[in-house]
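*Asks:* Below: one structure in structure tokens.
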Amino acid sequence: MNFEAIKTVEDEFQLATYKKMNIAVTRGRGSRVWTSEGDEYLDLYGGHAVCATGHCHPYVVQAIQDQADKVLFYSNLVYSDTRGLAAEKLVSVAPDSLTKAFFCNSGTEANENAMRIARMATGREKIITFTGGFHGRTADSISATFLGKYREIGKPNVPGHISAEFGNIGSVRNVVDENTAAIMLEPIQSMAGVKEASPSFFCELRELCDETGASLVFDEVQTGVGRAGNWFFAGSSMADGVEPDVISLAKSLGSGVPVGACLVNEKMASAIKENDLGTTFGGGMLAMAAVTATLEAIENDDMISNAVKIEEHLRRRLEGIEGITEVTGKGCLLGIRFETPAGDIHRKLLGKKIITGTSSDPNVLRLLPPLCVTTDEIDQFVEAVRS
Ligand SMILES: Cc1ncc(COP(=O)(O)O)c(C=O)c1O
């Protein structure tokens with residue numbers, strides 16, 4: 001099908017809920033995708049932070065094909081070696097205190113479950129999140145999203161949600177109380193324009209949670225699985241070593257096969273009983289094969305070190321470029337602040353066959369490339385920005 005035919009059929013039979021780029025992607029390899037018209041694009045958006053191992057990483061593709069040949073799916077009511085090994089592998093790369101996994105299907109679902117786990121563990125209801133954080137579009141997650149018009153879209157909101165200011169511990173102290181079940185945050189606020197807090201903020205949050213009995217939840221749907229230059233933001237120097245009670249994950253975890261997860265510590269795990277959580281598709285064999293292969297591919301190809309190298313290289317190459325005022329973020333989750341609207345830069349780059357992302361900050365361009373992106377590919381981006 002050519003582009004016009006693809007666009008016509010998509011537009012005719014789907015709700016118009018997405019603002020799309022005018023290309024149809026039909027093939028991908030590494031950091032490159034090809035369109036219906038045969039054009040090659042450099043993908044620095046990674047399918048919205050999903051394609052961490054690169055498009056169609058051969059090791060991941062082989063694992064999915066092998067699993068598809070054995071059994072595609074069976075539910076959690078039977079045991080599965082594939083599921084058990086995926087959980088073991090995920091826990092093995094997690095910070096030490098996070099010892100058990102619960103699998104679901106998406107980021108919003110991971111956050112819904114994270115909040116439920118915190119409520120069950122504390123017997124409390126209130127959830128504190130932060131202005132600028134994005135947590136998903138289902139009822140509880142959208143109610144926790146104090147960004148733009150999301151809570152408005154999600155009305156009527158789930159009760160018990162309140163916001164504080166990201167990076168400001170005093171504002172959290174003002175709203176935390178004996179009914180607070182969780183303080184939940186995106187450790188780097190991606191959609192808000194790649195906003196960061198100081199490592200000491202995470203220590204202060206941990207102390208506050210320990211003091212008040214609230215649970216600490218890191219929404220690592222974007223920062224997790226290597227993207228920020230560490231397996232997880234939790235436990236790294238970015239968080240000054242702080243480990244939360246729950247980490248929620250999705251996006252990169254399955255290299256594009258839909259999968260989400262909550263990682264929890266022993267305290268949270270001990271509060272969860274049979275039938276407290278559940279989902280039909282969560283932990284299905286195809287997704288679990290993708291999880292193990294994704295984590296092994298990242299490890300085998302040393303992609304986390306590459307993410308660190310990419311950040312350093314990009315920061316160095318962007319130094320002194322007129323019109324750029326700031327670079328924020330870590331590893332392969334980066335925001336570039338321009339003096340002019342980022343939407344214009346995004347369109348200019350698309351014209352040069354480079355896919356990037358925008359954010360809710362009109363001047364911040366977001367890069368969420370595969371963790372295997374090369375310095376040469378970053379140079380291609382920098383030259384396109386300059387010209
Ligand atoms: C930090 C964060 N949390 C949660 C979500 C929701 O994930 P999903 O779209 O898979 O439901 C997203 C999606 O962009 C996200 O960036």
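So you can find residues: chains in the structure tokens are A, B, ... in the order shown, residues in each start at 1, and ligands are numbered from 1 in order.
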Hey, which bits of region 208-301 of chain A sit within 12 Å of region 186-203 of chain A, and for each residue what's the closest pair of atoms and how far apart in Å (one decimal), counting only C-alpha atoms, rows by chain and increasing number, as a tab-separated table?
*Replies:*
```
residue	atom	partner	partner_atom	distance
A:Leu208	CA	A:Cys203	CA	8.5
A:Cys209	CA	A:Cys203	CA	9.9
A:Asp210	CA	A:Cys203	CA	10.5
A:Leu216	CA	A:Phe202	CA	9.7
A:Val217	CA	A:Glu186	CA	8.8
A:Phe218	CA	A:Glu186	CA	6.0
A:Asp219	CA	A:Glu186	CA	4.8
A:Glu220	CA	A:Glu186	CA	6.4
A:Val221	CA	A:Glu186	CA	8.1
A:Gln222	CA	A:Ser190	CA	7.5
A:Thr223	CA	A:Ile188	CA	7.0
A:Gly224	CA	A:Pro187	CA	9.9
A:Arg227	CA	A:Ile188	CA	11.1
A:Ala228	CA	A:Ile188	CA	8.9
A:Phe232	CA	A:Pro187	CA	10.2
A:Phe233	CA	A:Pro187	CA	7.1
A:Ala234	CA	A:Pro187	CA	8.5
A:Gly235	CA	A:Phe202	CA	10.2
A:Ser236	CA	A:Pro199	CA	9.4
A:Ser237	CA	A:Pro199	CA	7.2
A:Met238	CA	A:Pro199	CA	5.4
A:Ala239	CA	A:Pro199	CA	4.7
A:Asp240	CA	A:Pro199	CA	5.1
A:Gly241	CA	A:Cys203	CA	8.2
A:Val242	CA	A:Cys203	CA	6.1
A:Glu243	CA	A:Phe202	CA	9.0
A:Pro244	CA	A:Phe202	CA	9.2
A:Ile247	CA	A:Glu186	CA	10.1
A:Ser248	CA	A:Glu186	CA	9.7
A:Leu249	CA	A:Glu186	CA	11.0
```
*Asks:* Taking into account only C-alpha atoms, which residue in the set A:Pro156, A:Gly167, A:Gly278, A:Gly213 is nearest to Thr122 (chain A)?
*Replies:*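 Checking each candidate against Thr122 (chain A), we get A:Gly213 as the closest.
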*Asks:* Please measure the separation of CA of Ala114 (chain A) and CA of Glu204 (chain A), giving the value in Å to one decimal.
*Replies:*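 For CA of Ala114 (chain A) relative to CA of Glu204 (chain A), the distance reads 20.7 Å.
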*Asks:* Which residue gives the smallest distance to ligand 1 among A:Asp140, A:Glu211, A:Asp96, A:Glu10, with only C-alpha atoms and all ligand atoms counted?
*Replies:*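 Among the listed residues, A:Asp140 lies closest to ligand 1.
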*Asks:* Could you give me the residues within region 19-78 of chain A that DSSP places in alpha helix (DSSP H), as an mmCIF file with all heavy atoms, in the first residue's frame?
*Replies:*
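Output saved as states12.cif:
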```cif
data_model
loop_
_atom_site.group_PDB
_atom_site.id
_atom_site.type_symbol
_atom_site.label_atom_id
_atom_site.label_comp_id
_atom_site.auth_asym_id
_atom_site.auth_seq_id
_atom_site.Cartn_x
_atom_site.Cartn_y
_atom_site.Cartn_z
ATOM 1 N N GLY A 46 12.377 6.568 19.069
ATOM 2 C CA GLY A 46 12.283 5.172 19.524
ATOM 3 C C GLY A 46 10.850 4.691 19.703
ATOM 4 O O GLY A 46 10.573 3.923 20.635
ATOM 5 N N GLY A 47 9.937 5.129 18.797
ATOM 6 C CA GLY A 47 8.533 4.691 18.939
ATOM 7 C C GLY A 47 7.989 5.097 20.305
ATOM 8 O O GLY A 47 7.286 4.317 20.946
ATOM 9 N N HIS A 48 8.325 6.316 20.744
ATOM 10 C CA HIS A 48 7.910 6.866 22.044
ATOM 11 C C HIS A 48 8.549 6.075 23.207
ATOM 12 O O HIS A 48 7.857 5.538 24.069
ATOM 13 C CB HIS A 48 6.379 6.899 22.190
ATOM 14 C CG HIS A 48 5.910 7.852 23.247
ATOM 15 N ND1 HIS A 48 4.902 8.752 23.049
ATOM 16 C CD2 HIS A 48 6.335 8.060 24.509
ATOM 17 C CE1 HIS A 48 4.727 9.460 24.136
ATOM 18 N NE2 HIS A 48 5.590 9.061 25.044
ATOM 19 N N ALA A 49 9.873 5.999 23.164
ATOM 20 C CA ALA A 49 10.671 5.420 24.261
ATOM 21 C C ALA A 49 10.455 3.913 24.440
ATOM 22 O O ALA A 49 10.799 3.364 25.481
ATOM 23 C CB ALA A 49 10.405 6.146 25.585
ATOM 24 N N PRO A 58 17.913 -8.651 16.428
ATOM 25 C CA PRO A 58 17.819 -10.064 16.009
ATOM 26 C C PRO A 58 17.651 -11.041 17.176
ATOM 27 O O PRO A 58 16.925 -12.032 17.052
ATOM 28 C CB PRO A 58 19.130 -10.318 15.260
ATOM 29 C CG PRO A 58 19.900 -9.054 15.291
ATOM 30 C CD PRO A 58 19.087 -7.964 15.902
ATOM 31 N N TYR A 59 18.288 -10.749 18.316
ATOM 32 C CA TYR A 59 18.194 -11.653 19.481
ATOM 33 C C TYR A 59 16.766 -11.661 20.033
ATOM 34 O O TYR A 59 16.227 -12.708 20.400
ATOM 35 C CB TYR A 59 19.190 -11.160 20.549
ATOM 36 C CG TYR A 59 19.313 -12.058 21.747
ATOM 37 C CD1 TYR A 59 20.067 -13.225 21.695
ATOM 38 C CD2 TYR A 59 18.680 -11.722 22.951
ATOM 39 C CE1 TYR A 59 20.184 -14.044 22.815
ATOM 40 C CE2 TYR A 59 18.790 -12.531 24.064
ATOM 41 C CZ TYR A 59 19.541 -13.697 23.992
ATOM 42 O OH TYR A 59 19.655 -14.504 25.093
ATOM 43 N N VAL A 60 16.147 -10.476 20.049
ATOM 44 C CA VAL A 60 14.780 -10.354 20.573
ATOM 45 C C VAL A 60 13.788 -10.995 19.589
ATOM 46 O O VAL A 60 12.893 -11.749 19.985
ATOM 47 C CB VAL A 60 14.422 -8.860 20.833
ATOM 48 C CG1 VAL A 60 12.993 -8.716 21.339
ATOM 49 C CG2 VAL A 60 15.416 -8.234 21.823
ATOM 50 N N VAL A 61 13.994 -10.713 18.312
ATOM 51 C CA VAL A 61 13.100 -11.286 17.283
ATOM 52 C C VAL A 61 13.157 -12.814 17.340
ATOM 53 O O VAL A 61 12.125 -13.494 17.306
ATOM 54 C CB VAL A 61 13.488 -10.757 15.880
ATOM 55 C CG1 VAL A 61 12.749 -11.516 14.780
ATOM 56 C CG2 VAL A 61 13.200 -9.263 15.777
ATOM 57 N N GLN A 62 14.369 -13.359 17.457
ATOM 58 C CA GLN A 62 14.524 -14.822 17.500
ATOM 59 C C GLN A 62 13.793 -15.409 18.715
ATOM 60 O O GLN A 62 13.081 -16.412 18.609
ATOM 61 C CB GLN A 62 16.021 -15.174 17.562
ATOM 62 C CG GLN A 62 16.320 -16.654 17.389
ATOM 63 C CD GLN A 62 15.901 -17.178 16.017
ATOM 64 O OE1 GLN A 62 16.332 -16.640 15.010
ATOM 65 N NE2 GLN A 62 15.047 -18.196 15.984
ATOM 66 N N ALA A 63 13.931 -14.744 19.863
ATOM 67 C CA ALA A 63 13.278 -15.245 21.087
ATOM 68 C C ALA A 63 11.757 -15.219 20.942
ATOM 69 O O ALA A 63 11.060 -16.150 21.371
ATOM 70 C CB ALA A 63 13.709 -14.395 22.283
ATOM 71 N N ILE A 64 11.235 -14.160 20.314
ATOM 72 C CA ILE A 64 9.772 -14.060 20.125
ATOM 73 C C ILE A 64 9.309 -15.138 19.140
ATOM 74 O O ILE A 64 8.286 -15.806 19.360
ATOM 75 C CB ILE A 64 9.396 -12.637 19.637
ATOM 76 C CG1 ILE A 64 9.672 -11.607 20.732
ATOM 77 C CG2 ILE A 64 7.938 -12.576 19.203
ATOM 78 C CD1 ILE A 64 9.569 -10.156 20.281
ATOM 79 N N GLN A 65 10.089 -15.314 18.072
ATOM 80 C CA GLN A 65 9.715 -16.346 17.086
ATOM 81 C C GLN A 65 9.746 -17.736 17.716
ATOM 82 O O GLN A 65 8.829 -18.543 17.515
ATOM 83 C CB GLN A 65 10.670 -16.300 15.881
ATOM 84 C CG GLN A 65 10.360 -15.152 14.946
ATOM 85 C CD GLN A 65 11.387 -14.995 13.827
ATOM 86 O OE1 GLN A 65 12.462 -15.601 13.864
ATOM 87 N NE2 GLN A 65 11.060 -14.173 12.858
ATOM 88 N N ASP A 66 10.775 -18.014 18.504
ATOM 89 C CA ASP A 66 10.884 -19.330 19.147
ATOM 90 C C ASP A 66 9.705 -19.553 20.088
ATOM 91 O O ASP A 66 9.121 -20.636 20.124
ATOM 92 C CB ASP A 66 12.196 -19.437 19.951
ATOM 93 C CG ASP A 66 13.414 -19.492 19.035
ATOM 94 O OD1 ASP A 66 13.229 -19.648 17.808
ATOM 95 O OD2 ASP A 66 14.540 -19.346 19.552
ATOM 96 N N GLN A 67 9.354 -18.511 20.857
ATOM 97 C CA GLN A 67 8.247 -18.645 21.806
ATOM 98 C C GLN A 67 6.919 -18.831 21.063
ATOM 99 O O GLN A 67 6.087 -19.649 21.468
ATOM 100 C CB GLN A 67 8.168 -17.417 22.727
ATOM 101 C CG GLN A 67 7.141 -17.551 23.832
ATOM 102 C CD GLN A 67 7.385 -18.744 24.747
ATOM 103 O OE1 GLN A 67 8.507 -18.961 25.207
ATOM 104 N NE2 GLN A 67 6.345 -19.535 24.993
ATOM 105 N N ALA A 68 6.745 -18.079 19.957
ATOM 106 C CA ALA A 68 5.493 -18.175 19.183
ATOM 107 C C ALA A 68 5.295 -19.595 18.655
ATOM 108 O O ALA A 68 4.171 -20.065 18.497
ATOM 109 C CB ALA A 68 5.509 -17.166 18.036
ATOM 110 N N ASP A 69 6.377 -20.275 18.420
ATOM 111 C CA ASP A 69 6.333 -21.652 17.926
ATOM 112 C C ASP A 69 5.944 -22.644 19.017
ATOM 113 O O ASP A 69 5.478 -23.736 18.723
ATOM 114 C CB ASP A 69 7.738 -22.008 17.423
ATOM 115 C CG ASP A 69 7.728 -22.423 15.983
ATOM 116 O OD1 ASP A 69 6.689 -22.231 15.334
ATOM 117 O OD2 ASP A 69 8.777 -22.944 15.531
ATOM 118 N N LYS A 70 6.206 -22.251 20.299
ATOM 119 C CA LYS A 70 5.942 -23.185 21.412
ATOM 120 C C LYS A 70 4.548 -22.992 21.966
ATOM 121 O O LYS A 70 3.704 -23.864 21.878
ATOM 122 C CB LYS A 70 6.969 -22.951 22.529
ATOM 123 C CG LYS A 70 8.351 -23.437 22.190
ATOM 124 C CD LYS A 70 9.211 -23.451 23.454
ATOM 125 C CE LYS A 70 10.552 -22.820 23.177
ATOM 126 N NZ LYS A 70 11.225 -22.307 24.345
#
```
*Asks:* Would you please work out which residue, of A:Asn22, A:Thr340, A:Ser360, A:Thr374, is nearest to ligand 1 when using only C-alpha atoms and all ligand atoms?
*Replies:*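 Of all the options, A:Ser360 lies closest to ligand 1.
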*Asks:* Hey, what's within 7 Å of region 293-303 of chain A if we count only C-alpha atoms and toss same-chain stuff fewer than 4 positions away? As a PyMOL selection string, please?
*Replies:* chain A and resi 53+59-60+63+253-255+289+307+371-372
*Asks:* Could you pull out all residues of region 153-231 of chain A with a DSSP call of strand (DSSP E or B) and give them as number ranges by chain?
*Replies:* A: 161-164, 180-185, 188-189, 195-196, 215-219
*Asks:* Which residues come within 12 Å of Arg316 (chain A), counting only C-alpha atoms, excluding same-chain residues fewer than 5 positions away, as a tab-separated table (two decimals) with N, CA and C atoms, in the first residue's frame?
*Replies:*
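Generated output (result01.tsv):
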```tsv
chain	number	residue	atom	x	y	z
A	309	LYS	N	27.35	7.10	27.10
A	309	LYS	CA	28.27	7.70	26.10
A	309	LYS	C	27.49	8.64	25.17
A	310	ILE	N	26.29	8.23	24.80
A	310	ILE	CA	25.47	9.05	23.89
A	310	ILE	C	25.13	10.40	24.53
A	311	GLU	N	24.79	10.36	25.80
A	311	GLU	CA	24.46	11.64	26.48
A	311	GLU	C	25.68	12.57	26.46
A	321	ILE	N	25.96	25.86	20.24
A	321	ILE	CA	25.09	26.04	19.06
A	321	ILE	C	24.07	27.13	19.37
A	327	VAL	N	20.38	21.67	27.84
A	327	VAL	CA	20.14	20.24	27.58
A	327	VAL	C	19.88	19.60	28.94
A	375	THR	N	27.17	7.22	17.94
A	375	THR	CA	27.62	8.62	17.96
A	375	THR	C	27.55	9.22	16.54
A	378	ILE	N	24.10	10.41	16.14
A	378	ILE	CA	23.92	11.66	16.88
A	378	ILE	C	24.54	12.83	16.09
A	379	ASP	N	25.71	12.58	15.46
A	379	ASP	CA	26.33	13.62	14.65
A	379	ASP	C	25.42	14.02	13.48
A	382	VAL	N	22.94	16.35	14.91
A	382	VAL	CA	23.50	17.68	15.24
A	382	VAL	C	23.70	18.49	13.96
```
*Asks:* What does the structure give for the distance between CA of Met268 (chain A) and CA of Ala121 (chain A), in Å to one decimal?
*Replies:* 5.8 Å
*Asks:* Can you tell me how far CA of Thr292 (chain A) sits from atom 7 (O, counted along the ligand's line) of ligand 1, in Å to one decimal?
*Replies:*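 Interatomic distance here is 20.1 Å.
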